[in-house]
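S.K.: One structure, pasted below without further comment.
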Amino acid sequence: MGEWLELAKGANTAVPSPVVRVSLASSLPAHAVDLFTLELTGERRVRDDGDLVFYNQRRSADGCLWQVDDQRVRIELGDLADDVETVVVAAGLDDGWTGTFTDDAGLRVRVEVAGESAWDGPGTGAGAAWAASHRVVAGGGERCMVLVELYRRGGGWKVRAVSQGWEAGTAALLTEHGVRVEQAPTPVRPAPPELRTRPAAPLPPTLPLPPAPPEVPRRPVARPAEPIAPTRPYAPSPWGAGGGVDPSDAPTEIVASPTGAWPAWPRQPAATPGAGSADRPSPVARRSSGWDGARARGGDDSDDTNGAGEAGGDGSGGWRGWAGASRLLHVRPVARVARRAPLDLLAMDPYDFEQLVANLFTGMGYTTQRTGRSGDGGVDVEVRSDDPLASGLIVISVKRLKRTVAAHYVRELAGTVHDRDAIKGILVTTSGFGPSSWEFAAKNRLELVDGERLRAWLAEYLDLDAI
């Protein structure tokens, strides 16, 4: 026969199993009540923030606490470290709910023996049918209450019904047990200065406007057209047909850019007749000997002190001001647009980080779907693959961590892949994995994406720089 106990406030009893499940029942609307579980030392304080589990951090750092959904938490008492003396299970009202726990007439907590996994019912060994229940009664305006606590006693564990809380809410619970709570300061607006106004002076009476004179129609006056100045004839071009010169060798005039991208380059004056004309090479000779490119790119043109059309000072007989030496443009470099600051993945909200991973796989061409906050079994994103060779469901778990991902997360994802009949499981993290995790994933239809690979994918598919 099983043992079913009803605990009054302050009563306690022994726990016969090293693994228990604590369930919360409430009459308030869904998501109005949040569940919190803390591992405490003998000083009744957490060792660090990893000793807390709630809806946004479902696993403790040591893996002994696992919040399965919004109303159930699995506790492995036998695997807790020796310095953990107490496990506190509490409930807090959401900030969007304005009432108190006195409004919750059906608030009840139940502690029972857990099975092999979080989804199983009670086990089959000794004490499998054991359960202890407690009806929580608020004493006043509490917005956060400790439901039960499990504590060490005589080499085993016991459970005590507490039913005590704080009117200040969840922040008071966490602060008292050593959890850092970041709260935005409430801005205080200065009182506006007192303004003294004078009574408005009475306005003078408005005088009526005189009537407008009648409009007299006017005839348009035609003005004589101004004479057009005669067009000046164009001067004969020496670069046309019959001039003996190729038109493509005409000097080029470059005007200044409105934005200053290149300088003005004035046209060179024509050569003076008889001044070194015997030494000027023909256009055909210049192109065949490479004179155009040498003069346009050469550094010895800076020594030219003669007038345009005279031979160069280097004695090479090259001419200045011709097409080959005047078509080189110098464009100022345009400054590149400053890149946006890289995305800090560890500073993101966990819910936003899960959405970022969903967007990443959407950018890869998959059909993605976010899972709900409750009952997800550790799955954050679901992907539907339409590949004809491997079509089906892919489950993705997201871990935003600084340290190496523990191996039990990998094993839990393998169990979820089997339970959901998925073709593959993907574990995405901002940190890395140990050798045992890589070895286990290779044998169990799992793919591990560490922080380095994640940042490379974000840059390739979403054009995001991440740190």
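So you can find residues: chains in the structure tokens are A, B, ... in the order shown, residues in each start at 1, and ligands are numbered from 1 in order.
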Write down as a list in words the residues of region 76-143 of chain A whose backbone DSSP state falls under helix (DSSP H, G or I).
M.R.: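 Answer for region 76-143 of chain A restricted to helix (DSSP H, G or I) is Leu77, Gly78, Asp79, Phe101, Thr102 and Asp103 of chain A.
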S.K.: Using the selection just defined, write its residues with C-alpha atoms as a PDB file, in the first residue's frame.
M.R.:
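As written to disk, out_24.pdb reads:
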```
ATOM      1  CA  LEU A  77      18.819  14.814  -3.892  1.00  0.00           C
ATOM      2  CA  GLY A  78      21.346  11.976  -4.009  1.00  0.00           C
ATOM      3  CA  ASP A  79      23.639  13.843  -6.440  1.00  0.00           C
ATOM      4  CA  PHE A 101      -1.563  35.082  -3.113  1.00  0.00           C
ATOM      5  CA  THR A 102      -4.692  35.665  -1.056  1.00  0.00           C
ATOM      6  CA  ASP A 103      -6.494  35.623  -4.424  1.00  0.00           C
TER       7      ASP A 103
END
```
S.K.: Would you pick out the contacts of Asp387 (chain A) at 12 Å or less, using only C-alpha atoms, so that residues sharing its chain but fewer than 6 positions from it are not included, and give the list as number ranges by chain?
M.R.: A: 365-367, 393-394, 423
S.K.: Using only C-alpha atoms for the distances, tell me which of A:Phe36, A:Val159, A:Asp421, A:Arg45 is nearest to Ser60 (chain A).
M.R.: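 Checking each of A:Phe36, A:Val159, A:Asp421, A:Arg45 against Ser60 (chain A), counting only C-alpha atoms, the winner is A:Phe36.
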S.K.: When you count only C-alpha atoms, which of these residues is closest to Ala407 (chain A): A:Ser431, A:Asn359, A:Ser436, A:Ser27?
M.R.: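 Looking at the shortest contact to Ala407 (chain A), the residue is A:Ser436.
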